[in-house]
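K.L.:
Just so it is clear, I am handing over target09.cif, which has mmCIF, C-alpha atoms.
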data_upload
#
loop_
_atom_site.group_PDB
_atom_site.id
_atom_site.type_symbol
_atom_site.label_atom_id
_atom_site.label_comp_id
_atom_site.auth_asym_id
_atom_site.auth_seq_id
_atom_site.Cartn_x
_atom_site.Cartn_y
_atom_site.Cartn_z
ATOM 1 C CA ASP A 945 179.085 103.481 129.680
ATOM 2 C CA ALA A 946 176.320 100.928 129.278
ATOM 3 C CA GLY A 947 175.950 99.635 125.744
ATOM 4 C CA ILE A 948 172.601 101.092 124.771
ATOM 5 C CA THR A 949 171.802 102.621 121.438
ATOM 6 C CA GLN A 950 168.618 104.127 120.085
ATOM 7 C CA SER A 951 167.556 104.662 116.521
ATOM 8 C CA PRO A 952 166.684 106.927 114.949
ATOM 9 C CA ARG A 953 168.092 109.762 117.031
ATOM 10 C CA HIS A 954 165.841 112.323 115.400
ATOM 11 C CA LYS A 955 162.641 111.932 113.485
ATOM 12 C CA VAL A 956 160.028 114.263 112.038
ATOM 13 C CA THR A 957 156.806 112.671 110.919
ATOM 14 C CA GLU A 958 153.235 113.606 110.128
ATOM 15 C CA THR A 959 150.100 112.991 112.111
ATOM 16 C CA GLY A 960 148.572 109.609 111.405
ATOM 17 C CA THR A 961 151.732 107.865 110.269
ATOM 18 C CA PRO A 962 153.151 104.841 112.080
ATOM 19 C CA VAL A 963 156.523 105.250 113.775
ATOM 20 C CA THR A 964 158.831 102.644 115.291
ATOM 21 C CA LEU A 965 161.712 103.461 117.598
ATOM 22 C CA ARG A 966 164.391 100.909 118.334
ATOM 23 C CA CYS A 967 166.427 100.312 121.455
ATOM 24 C CA HIS A 968 169.396 97.959 121.325
ATOM 25 C CA GLN A 969 171.513 96.789 124.271
ATOM 26 C CA THR A 970 174.699 94.767 124.444
ATOM 27 C CA GLU A 971 174.592 94.222 128.214
ATOM 28 C CA ASN A 972 172.244 91.221 128.431
ATOM 29 C CA HIS A 973 170.041 93.079 130.919
ATOM 30 C CA ARG A 974 166.686 91.522 131.638
ATOM 31 C CA TYR A 975 164.664 94.710 132.086
ATOM 32 C CA MET A 976 164.154 97.299 129.372
ATOM 33 C CA TYR A 977 162.037 100.435 129.533
ATOM 34 C CA TRP A 978 160.627 103.145 127.322
ATOM 35 C CA TYR A 979 160.098 106.627 128.749
ATOM 36 C CA ARG A 980 159.010 109.921 127.340
ATOM 37 C CA GLN A 981 160.267 113.180 128.764
ATOM 38 C CA ASP A 982 158.346 116.420 128.476
ATOM 39 C CA PRO A 983 158.787 119.793 130.195
ATOM 40 C CA GLY A 984 156.926 119.877 133.489
ATOM 41 C CA HIS A 985 156.303 116.137 133.480
ATOM 42 C CA GLY A 986 159.728 114.638 133.794
ATOM 43 C CA LEU A 987 160.315 111.038 132.815
ATOM 44 C CA ARG A 988 157.138 109.031 132.397
ATOM 45 C CA LEU A 989 157.121 105.298 131.854
ATOM 46 C CA ILE A 990 155.389 104.119 128.679
ATOM 47 C CA HIS A 991 156.040 100.374 128.685
ATOM 48 C CA TYR A 992 158.612 98.041 130.080
ATOM 49 C CA SER A 993 159.799 94.499 129.454
ATOM 50 C CA TYR A 994 161.011 91.933 131.944
ATOM 51 C CA GLY A 995 162.099 89.362 129.387
ATOM 52 C CA VAL A 996 161.685 88.220 125.813
ATOM 53 C CA LYS A 997 158.019 88.568 124.877
ATOM 54 C CA ASP A 998 157.188 89.737 128.407
ATOM 55 C CA THR A 999 155.979 93.313 128.495
ATOM 56 C CA ASP A 1000 153.690 95.461 130.592
ATOM 57 C CA LYS A 1001 152.145 98.911 130.540
ATOM 58 C CA GLY A 1002 153.447 101.946 132.288
ATOM 59 C CA GLU A 1003 151.885 105.229 133.279
ATOM 60 C CA VAL A 1004 151.299 106.620 129.774
ATOM 61 C CA SER A 1005 150.841 103.600 127.507
ATOM 62 C CA ASP A 1006 147.831 104.758 125.460
ATOM 63 C CA GLY A 1007 148.731 105.079 121.783
ATOM 64 C CA TYR A 1008 151.923 103.025 122.151
ATOM 65 C CA SER A 1009 152.771 99.374 121.710
ATOM 66 C CA VAL A 1010 156.024 97.492 122.264
ATOM 67 C CA SER A 1011 157.665 94.265 121.259
ATOM 68 C CA ARG A 1012 160.670 92.326 122.458
ATOM 69 C CA SER A 1013 161.551 89.320 120.355
ATOM 70 C CA LYS A 1014 165.212 89.231 121.424
ATOM 71 C CA THR A 1015 166.918 90.093 124.690
ATOM 72 C CA GLU A 1016 168.869 92.876 123.058
ATOM 73 C CA ASP A 1017 166.078 94.685 121.193
ATOM 74 C CA PHE A 1018 163.033 96.568 122.489
ATOM 75 C CA LEU A 1019 160.813 98.308 119.953
ATOM 76 C CA LEU A 1020 158.345 101.099 120.620
ATOM 77 C CA THR A 1021 155.620 101.681 118.028
ATOM 78 C CA LEU A 1022 153.292 104.599 117.644
ATOM 79 C CA GLU A 1023 150.563 103.066 115.513
ATOM 80 C CA SER A 1024 149.183 106.419 114.377
ATOM 81 C CA ALA A 1025 151.288 109.310 115.570
ATOM 82 C CA THR A 1026 149.615 112.396 117.047
ATOM 83 C CA SER A 1027 151.051 115.819 117.847
ATOM 84 C CA SER A 1028 150.730 115.054 121.566
ATOM 85 C CA GLN A 1029 153.358 112.353 121.075
ATOM 86 C CA THR A 1030 155.981 114.903 120.148
ATOM 87 C CA SER A 1031 158.573 114.304 122.824
ATOM 88 C CA VAL A 1032 161.997 112.980 123.678
ATOM 89 C CA TYR A 1033 161.957 109.209 124.088
ATOM 90 C CA PHE A 1034 164.496 107.419 126.237
ATOM 91 C CA CYS A 1035 165.144 103.737 126.446
ATOM 92 C CA ALA A 1036 166.670 102.331 129.629
ATOM 93 C CA ILE A 1037 167.938 99.016 130.894
ATOM 94 C CA SER A 1038 168.097 97.634 134.398
ATOM 95 C CA GLY A 1039 168.931 94.455 136.229
ATOM 96 C CA THR A 1040 171.463 91.822 135.362
ATOM 97 C CA GLU A 1041 172.344 88.304 136.349
ATOM 98 C CA ARG A 1042 175.899 89.614 136.618
ATOM 99 C CA SER A 1043 175.180 92.125 139.374
ATOM 100 C CA GLY A 1044 178.295 93.956 140.354
ATOM 101 C CA THR A 1045 180.031 93.440 137.024
ATOM 102 C CA SER A 1046 181.335 96.725 135.625
ATOM 103 C CA GLY A 1047 179.871 98.452 138.667
ATOM 104 C CA MET A 1048 176.314 98.108 137.428
ATOM 105 C CA GLY A 1049 173.641 97.834 140.075
ATOM 106 C CA THR A 1050 170.448 95.891 139.719
ATOM 107 C CA ASP A 1051 167.823 98.603 140.266
ATOM 108 C CA THR A 1052 169.561 101.507 138.624
ATOM 109 C CA GLN A 1053 168.510 102.643 135.194
ATOM 110 C CA TYR A 1054 170.988 103.091 132.375
ATOM 111 C CA PHE A 1055 169.656 105.266 129.614
ATOM 112 C CA GLY A 1056 170.181 105.400 125.892
ATOM 113 C CA PRO A 1057 170.961 108.727 124.204
ATOM 114 C CA GLY A 1058 167.315 109.442 123.379
ATOM 115 C CA THR A 1059 165.213 109.981 120.270
ATOM 116 C CA ARG A 1060 163.721 113.374 119.502
ATOM 117 C CA LEU A 1061 160.392 112.832 117.782
ATOM 118 C CA THR A 1062 158.373 115.620 116.237
ATOM 119 C CA VAL A 1063 154.874 114.907 114.959
ATOM 120 C CA LEU A 1064 153.559 117.637 112.670
ATOM 121 C CA ARG B 1139 149.524 113.528 144.352
ATOM 122 C CA LYS B 1140 152.510 112.404 142.311
ATOM 123 C CA GLU B 1141 154.383 109.381 143.590
ATOM 124 C CA VAL B 1142 157.660 111.258 143.572
ATOM 125 C CA GLU B 1143 157.873 115.032 143.933
ATOM 126 C CA GLN B 1144 160.719 117.445 143.493
ATOM 127 C CA ASP B 1145 160.983 121.214 143.557
ATOM 128 C CA PRO B 1146 161.632 122.079 139.887
ATOM 129 C CA GLY B 1147 163.768 125.095 140.777
ATOM 130 C CA PRO B 1148 165.760 126.607 139.272
ATOM 131 C CA PHE B 1149 168.194 126.864 142.115
ATOM 132 C CA ASN B 1150 170.669 129.636 141.295
ATOM 133 C CA VAL B 1151 173.687 129.439 143.583
ATOM 134 C CA PRO B 1152 177.148 131.038 143.520
ATOM 135 C CA GLU B 1153 180.264 128.969 143.052
ATOM 136 C CA GLY B 1154 181.434 127.459 146.302
ATOM 137 C CA ALA B 1155 177.985 127.381 147.866
ATOM 138 C CA THR B 1156 176.335 124.378 149.423
ATOM 139 C CA VAL B 1157 172.981 123.408 147.982
ATOM 140 C CA ALA B 1158 170.494 120.729 148.980
ATOM 141 C CA PHE B 1159 167.636 119.119 147.087
ATOM 142 C CA ASN B 1160 164.855 117.021 148.505
ATOM 143 C CA CYS B 1161 162.690 114.437 146.855
ATOM 144 C CA THR B 1162 159.559 113.121 148.562
ATOM 145 C CA TYR B 1163 158.039 109.763 147.723
ATOM 146 C CA SER B 1164 154.626 108.333 148.548
ATOM 147 C CA ASN B 1165 155.242 104.583 148.241
ATOM 148 C CA SER B 1166 156.401 103.538 151.695
ATOM 149 C CA ALA B 1167 157.305 100.090 150.310
ATOM 150 C CA SER B 1168 160.013 101.494 148.030
ATOM 151 C CA GLN B 1169 163.398 99.964 148.771
ATOM 152 C CA SER B 1170 165.606 101.575 146.133
ATOM 153 C CA PHE B 1171 166.463 105.212 145.660
ATOM 154 C CA PHE B 1172 168.874 106.938 143.344
ATOM 155 C CA TRP B 1173 169.937 110.371 142.148
ATOM 156 C CA TYR B 1174 170.653 111.073 138.497
ATOM 157 C CA ARG B 1175 172.196 114.020 136.745
ATOM 158 C CA GLN B 1176 170.874 115.177 133.386
ATOM 159 C CA ASP B 1177 172.663 117.731 131.246
ATOM 160 C CA CYS B 1178 170.752 119.765 128.707
ATOM 161 C CA ARG B 1179 169.594 117.631 125.773
ATOM 162 C CA LYS B 1180 171.329 114.549 127.153
ATOM 163 C CA GLU B 1181 170.203 111.359 128.827
ATOM 164 C CA PRO B 1182 170.053 111.035 132.626
ATOM 165 C CA LYS B 1183 173.120 109.439 134.158
ATOM 166 C CA LEU B 1184 173.423 107.811 137.533
ATOM 167 C CA LEU B 1185 174.975 110.134 140.088
ATOM 168 C CA MET B 1186 174.692 108.024 143.198
ATOM 169 C CA SER B 1187 172.655 105.464 145.058
ATOM 170 C CA VAL B 1188 170.909 106.358 148.295
ATOM 171 C CA TYR B 1189 171.447 103.923 151.131
ATOM 172 C CA SER B 1190 169.653 103.824 154.464
ATOM 173 C CA SER B 1191 172.920 104.683 156.189
ATOM 174 C CA GLY B 1192 173.624 107.598 153.869
ATOM 175 C CA ASN B 1193 176.112 107.758 151.048
ATOM 176 C CA GLU B 1194 178.944 110.173 150.353
ATOM 177 C CA ASP B 1195 180.985 110.579 147.206
ATOM 178 C CA GLY B 1196 183.371 113.489 147.268
ATOM 179 C CA ARG B 1197 181.345 116.698 147.404
ATOM 180 C CA PHE B 1198 178.037 114.829 147.128
ATOM 181 C CA THR B 1199 176.058 113.339 149.991
ATOM 182 C CA ALA B 1200 172.799 111.445 149.647
ATOM 183 C CA GLN B 1201 170.540 110.555 152.526
ATOM 184 C CA LEU B 1202 167.292 108.689 153.075
ATOM 185 C CA ASN B 1203 164.689 109.595 155.668
ATOM 186 C CA ARG B 1204 162.174 106.755 155.767
ATOM 187 C CA ALA B 1205 160.089 108.247 158.559
ATOM 188 C CA SER B 1206 159.328 111.357 156.529
ATOM 189 C CA GLN B 1207 159.627 109.580 153.171
ATOM 190 C CA TYR B 1208 162.154 111.736 151.445
ATOM 191 C CA ILE B 1209 165.633 111.506 150.056
ATOM 192 C CA SER B 1210 168.091 114.344 149.862
ATOM 193 C CA LEU B 1211 171.133 115.320 147.843
ATOM 194 C CA LEU B 1212 173.694 117.734 149.244
ATOM 195 C CA ILE B 1213 176.311 119.319 147.026
ATOM 196 C CA ARG B 1214 179.163 121.094 148.769
ATOM 197 C CA ASP B 1215 181.538 123.608 147.202
ATOM 198 C CA SER B 1216 179.443 123.931 144.045
ATOM 199 C CA LYS B 1217 181.275 124.085 140.736
ATOM 200 C CA LEU B 1218 180.129 125.620 137.470
ATOM 201 C CA SER B 1219 180.189 122.095 136.069
ATOM 202 C CA ASP B 1220 177.525 121.029 138.564
ATOM 203 C CA SER B 1221 174.941 123.010 136.597
ATOM 204 C CA ALA B 1222 172.417 120.428 135.430
ATOM 205 C CA THR B 1223 169.052 118.949 136.304
ATOM 206 C CA TYR B 1224 168.998 116.418 139.121
ATOM 207 C CA LEU B 1225 166.373 113.679 139.112
ATOM 208 C CA CYS B 1226 165.475 111.256 141.838
ATOM 209 C CA GLN B 1227 164.292 107.685 141.313
ATOM 210 C CA SER B 1228 162.163 105.673 143.691
ATOM 211 C CA GLY B 1229 161.739 101.936 143.309
ATOM 212 C CA GLY B 1230 163.119 99.550 140.746
ATOM 213 C CA TYR B 1231 162.281 96.807 138.244
ATOM 214 C CA GLN B 1232 158.517 96.839 137.721
ATOM 215 C CA LYS B 1233 157.872 99.816 139.948
ATOM 216 C CA VAL B 1234 160.104 102.662 138.914
ATOM 217 C CA THR B 1235 159.141 106.294 139.346
ATOM 218 C CA PHE B 1236 161.103 109.452 138.683
ATOM 219 C CA GLY B 1237 160.684 112.940 139.968
ATOM 220 C CA THR B 1238 160.370 115.773 137.473
ATOM 221 C CA GLY B 1239 163.852 117.011 138.275
ATOM 222 C CA THR B 1240 165.396 120.020 139.964
ATOM 223 C CA LYS B 1241 167.399 122.427 137.858
ATOM 224 C CA LEU B 1242 170.621 123.765 139.341
ATOM 225 C CA GLN B 1243 172.472 126.735 137.921
ATOM 226 C CA VAL B 1244 175.826 127.536 139.494
ATOM 227 C CA ILE B 1245 176.782 131.160 138.916
ATOM 228 C CA PRO B 1246 180.364 132.484 138.679
#
Using structure tokens, write down the structure that the file contains.

P.N.:
Amino acid sequence: DAGITQSPRHKVTETGTPVTLRCHQTENHRYMYWYRQDPGHGLRLIHYSYGVKDTDKGEVSDGYSVSRSKTEDFLLTLESATSSQTSVYFCAISGTERSGTSGMGTDTQYFGPGTRLTVL
Amino acid sequence: RKEVEQDPGPFNVPEGATVAFNCTYSNSASQSFFWYRQDCRKEPKLLMSVYSSGNEDGRFTAQLNRASQYISLLIRDSKLSDSATYLCQSGGYQKVTFGTGTKLQVIP
């Protein structure tokens, strides 16, 4: 399995509080992604990164910000959490200079275990 | 219209049956396609890539139809353990889109 971890795995917070989710990889992949998954909507891209300090918006970026100061870490921040941000958040990695190593492709997504966030 | 569309199901099939899922995509420039399997309350995991020439892995066959812009996944001799949600991915890197997933329930 790809070396991707997410923390925390579960979080309950109140409306209006800031929340930061962390994604950590040990695979040296260039691309990292944050998705949210909700019933009826599937996986929706929030933000992605194509290198250190290089990030861009996805489909549902409003209310979220990201940062990537190191190759291995990608942070997702909800500046002021709302109930509509209750969801399961997945981090994913893609692309490597070592294509073919360990059977990993370059376009495929390898997901972390997810973070269940509840905003009350 | 969503960029990638899947029938959400559920598909309820008996053990041993053959079942097929389709996934339509709207971006004709997409070059990469994949199928993932997601178990309940788990992360999606790569099932197989979809190549222009088709791809087979045991009981699973994936195909790409560029003319009609869809990919398909065929599961033969369904097992109880195949029960899961199957998601398709179109595109890669900066242009990745997933379908909403198709739920499969294999019944004894």

K.L.:
On this file, the PyMOL selection byres ((chain A) within 12 of (chain B)) gives some set of residues; write that set as a PyMOL selection string.

P.N.:
chain A and resi 945-946+948-950+953+973-995+998-1003+1031-1040+1047-1060

K.L.:
Print the selection's residues with C-alpha atoms to a file, as a PDB file, in the frame of the given file.

P.N.:
ATOM      1  CA  ASP A 945     179.085 103.481 129.680  1.00  0.00           C
ATOM      2  CA  ALA A 946     176.320 100.928 129.278  1.00  0.00           C
ATOM      3  CA  ILE A 948     172.601 101.092 124.771  1.00  0.00           C
ATOM      4  CA  THR A 949     171.802 102.621 121.438  1.00  0.00           C
ATOM      5  CA  GLN A 950     168.618 104.127 120.085  1.00  0.00           C
ATOM      6  CA  ARG A 953     168.092 109.762 117.031  1.00  0.00           C
ATOM      7  CA  HIS A 973     170.041  93.079 130.919  1.00  0.00           C
ATOM      8  CA  ARG A 974     166.686  91.522 131.638  1.00  0.00           C
ATOM      9  CA  TYR A 975     164.664  94.710 132.086  1.00  0.00           C
ATOM     10  CA  MET A 976     164.154  97.299 129.372  1.00  0.00           C
ATOM     11  CA  TYR A 977     162.037 100.435 129.533  1.00  0.00           C
ATOM     12  CA  TRP A 978     160.627 103.145 127.322  1.00  0.00           C
ATOM     13  CA  TYR A 979     160.098 106.627 128.749  1.00  0.00           C
ATOM     14  CA  ARG A 980     159.010 109.921 127.340  1.00  0.00           C
ATOM     15  CA  GLN A 981     160.267 113.180 128.764  1.00  0.00           C
ATOM     16  CA  ASP A 982     158.346 116.420 128.476  1.00  0.00           C
ATOM     17  CA  PRO A 983     158.787 119.793 130.195  1.00  0.00           C
ATOM     18  CA  GLY A 984     156.926 119.877 133.489  1.00  0.00           C
ATOM     19  CA  HIS A 985     156.303 116.137 133.480  1.00  0.00           C
ATOM     20  CA  GLY A 986     159.728 114.638 133.794  1.00  0.00           C
ATOM     21  CA  LEU A 987     160.315 111.038 132.815  1.00  0.00           C
ATOM     22  CA  ARG A 988     157.138 109.031 132.397  1.00  0.00           C
ATOM     23  CA  LEU A 989     157.121 105.298 131.854  1.00  0.00           C
ATOM     24  CA  ILE A 990     155.389 104.119 128.679  1.00  0.00           C
ATOM     25  CA  HIS A 991     156.040 100.374 128.685  1.00  0.00           C
ATOM     26  CA  TYR A 992     158.612  98.041 130.080  1.00  0.00           C
ATOM     27  CA  SER A 993     159.799  94.499 129.454  1.00  0.00           C
ATOM     28  CA  TYR A 994     161.011  91.933 131.944  1.00  0.00           C
ATOM     29  CA  GLY A 995     162.099  89.362 129.387  1.00  0.00           C
ATOM     30  CA  ASP A 998     157.188  89.737 128.407  1.00  0.00           C
ATOM     31  CA  THR A 999     155.979  93.313 128.495  1.00  0.00           C
ATOM     32  CA  ASP A1000     153.690  95.461 130.592  1.00  0.00           C
ATOM     33  CA  LYS A1001     152.145  98.911 130.540  1.00  0.00           C
ATOM     34  CA  GLY A1002     153.447 101.946 132.288  1.00  0.00           C
ATOM     35  CA  GLU A1003     151.885 105.229 133.279  1.00  0.00           C
ATOM     36  CA  SER A1031     158.573 114.304 122.824  1.00  0.00           C
ATOM     37  CA  VAL A1032     161.997 112.980 123.678  1.00  0.00           C
ATOM     38  CA  TYR A1033     161.957 109.209 124.088  1.00  0.00           C
ATOM     39  CA  PHE A1034     164.496 107.419 126.237  1.00  0.00           C
ATOM     40  CA  CYS A1035     165.144 103.737 126.446  1.00  0.00           C
ATOM     41  CA  ALA A1036     166.670 102.331 129.629  1.00  0.00           C
ATOM     42  CA  ILE A1037     167.938  99.016 130.894  1.00  0.00           C
ATOM     43  CA  SER A1038     168.097  97.634 134.398  1.00  0.00           C
ATOM     44  CA  GLY A1039     168.931  94.455 136.229  1.00  0.00           C
ATOM     45  CA  THR A1040     171.463  91.822 135.362  1.00  0.00           C
ATOM     46  CA  GLY A1047     179.871  98.452 138.667  1.00  0.00           C
ATOM     47  CA  MET A1048     176.314  98.108 137.428  1.00  0.00           C
ATOM     48  CA  GLY A1049     173.641  97.834 140.075  1.00  0.00           C
ATOM     49  CA  THR A1050     170.448  95.891 139.719  1.00  0.00           C
ATOM     50  CA  ASP A1051     167.823  98.603 140.266  1.00  0.00           C
ATOM     51  CA  THR A1052     169.561 101.507 138.624  1.00  0.00           C
ATOM     52  CA  GLN A1053     168.510 102.643 135.194  1.00  0.00           C
ATOM     53  CA  TYR A1054     170.988 103.091 132.375  1.00  0.00           C
ATOM     54  CA  PHE A1055     169.656 105.266 129.614  1.00  0.00           C
ATOM     55  CA  GLY A1056     170.181 105.400 125.892  1.00  0.00           C
ATOM     56  CA  PRO A1057     170.961 108.727 124.204  1.00  0.00           C
ATOM     57  CA  GLY A1058     167.315 109.442 123.379  1.00  0.00           C
ATOM     58  CA  THR A1059     165.213 109.981 120.270  1.00  0.00           C
ATOM     59  CA  ARG A1060     163.721 113.374 119.502  1.00  0.00           C
TER      60      ARG A1060
END

K.L.:
To test your reading of the syntax: which residues would the PyMOL selection byres ((chain B and resi 1148-1154) around 10) return for the file shown? Reply as a PyMOL selection string.

P.N.:
chain B and resi 1145-1147+1155-1159+1213-1223+1239-1246

K.L.:
Which residues, written as an MDAnalysis selection string, have at least one atom at most 10 Å from B:Ile1209, with only C-alpha atoms counted and residues fewer than 4 positions away on the same chain left out?

P.N.:
chainID B and resid 1159:1163 1171:1173 1188:1190 1192 1200:1204 1226:1228

K.L.:
Excluding A:Asp1006 and any residue of its chain fewer than 6 positions from it, enumerate the residues within 12 Å of it, using all atoms listed in the file, and give them as a PyMOL selection string.

P.N.:
chain A and resi 989-991+1021-1026+1028-1029

K.L.:
Rounded to one decimal in Å, what is the spacing between atom CA of A:Val996 and atom CA of B:Val1142?

P.N.:
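Atom CA of A:Val996 sits 29.4 Å away from atom CA of B:Val1142.
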
K.L.:
What does the distance from atom CA of A:Asp1017 to atom CA of A:Val1004 come to in Å, to one decimal?

P.N.:
20.8 Å

K.L.:
To verify the selection step, state as a PyMOL selection string which residues the PyMOL selection byres ((chain A and resi 1019) around 7) yields on this input.

P.N.:
chain A and resi 964-967+1010-1012+1017-1018+1020-1021

K.L.:
So, with only C-alpha atoms as the atoms that count, which of A:Lys997, A:Ser1005, A:Thr1015, A:Thr957 lies closest to A:Gln969?

P.N.:
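Ranked by minimum distance to A:Gln969, first place goes to A:Thr1015.
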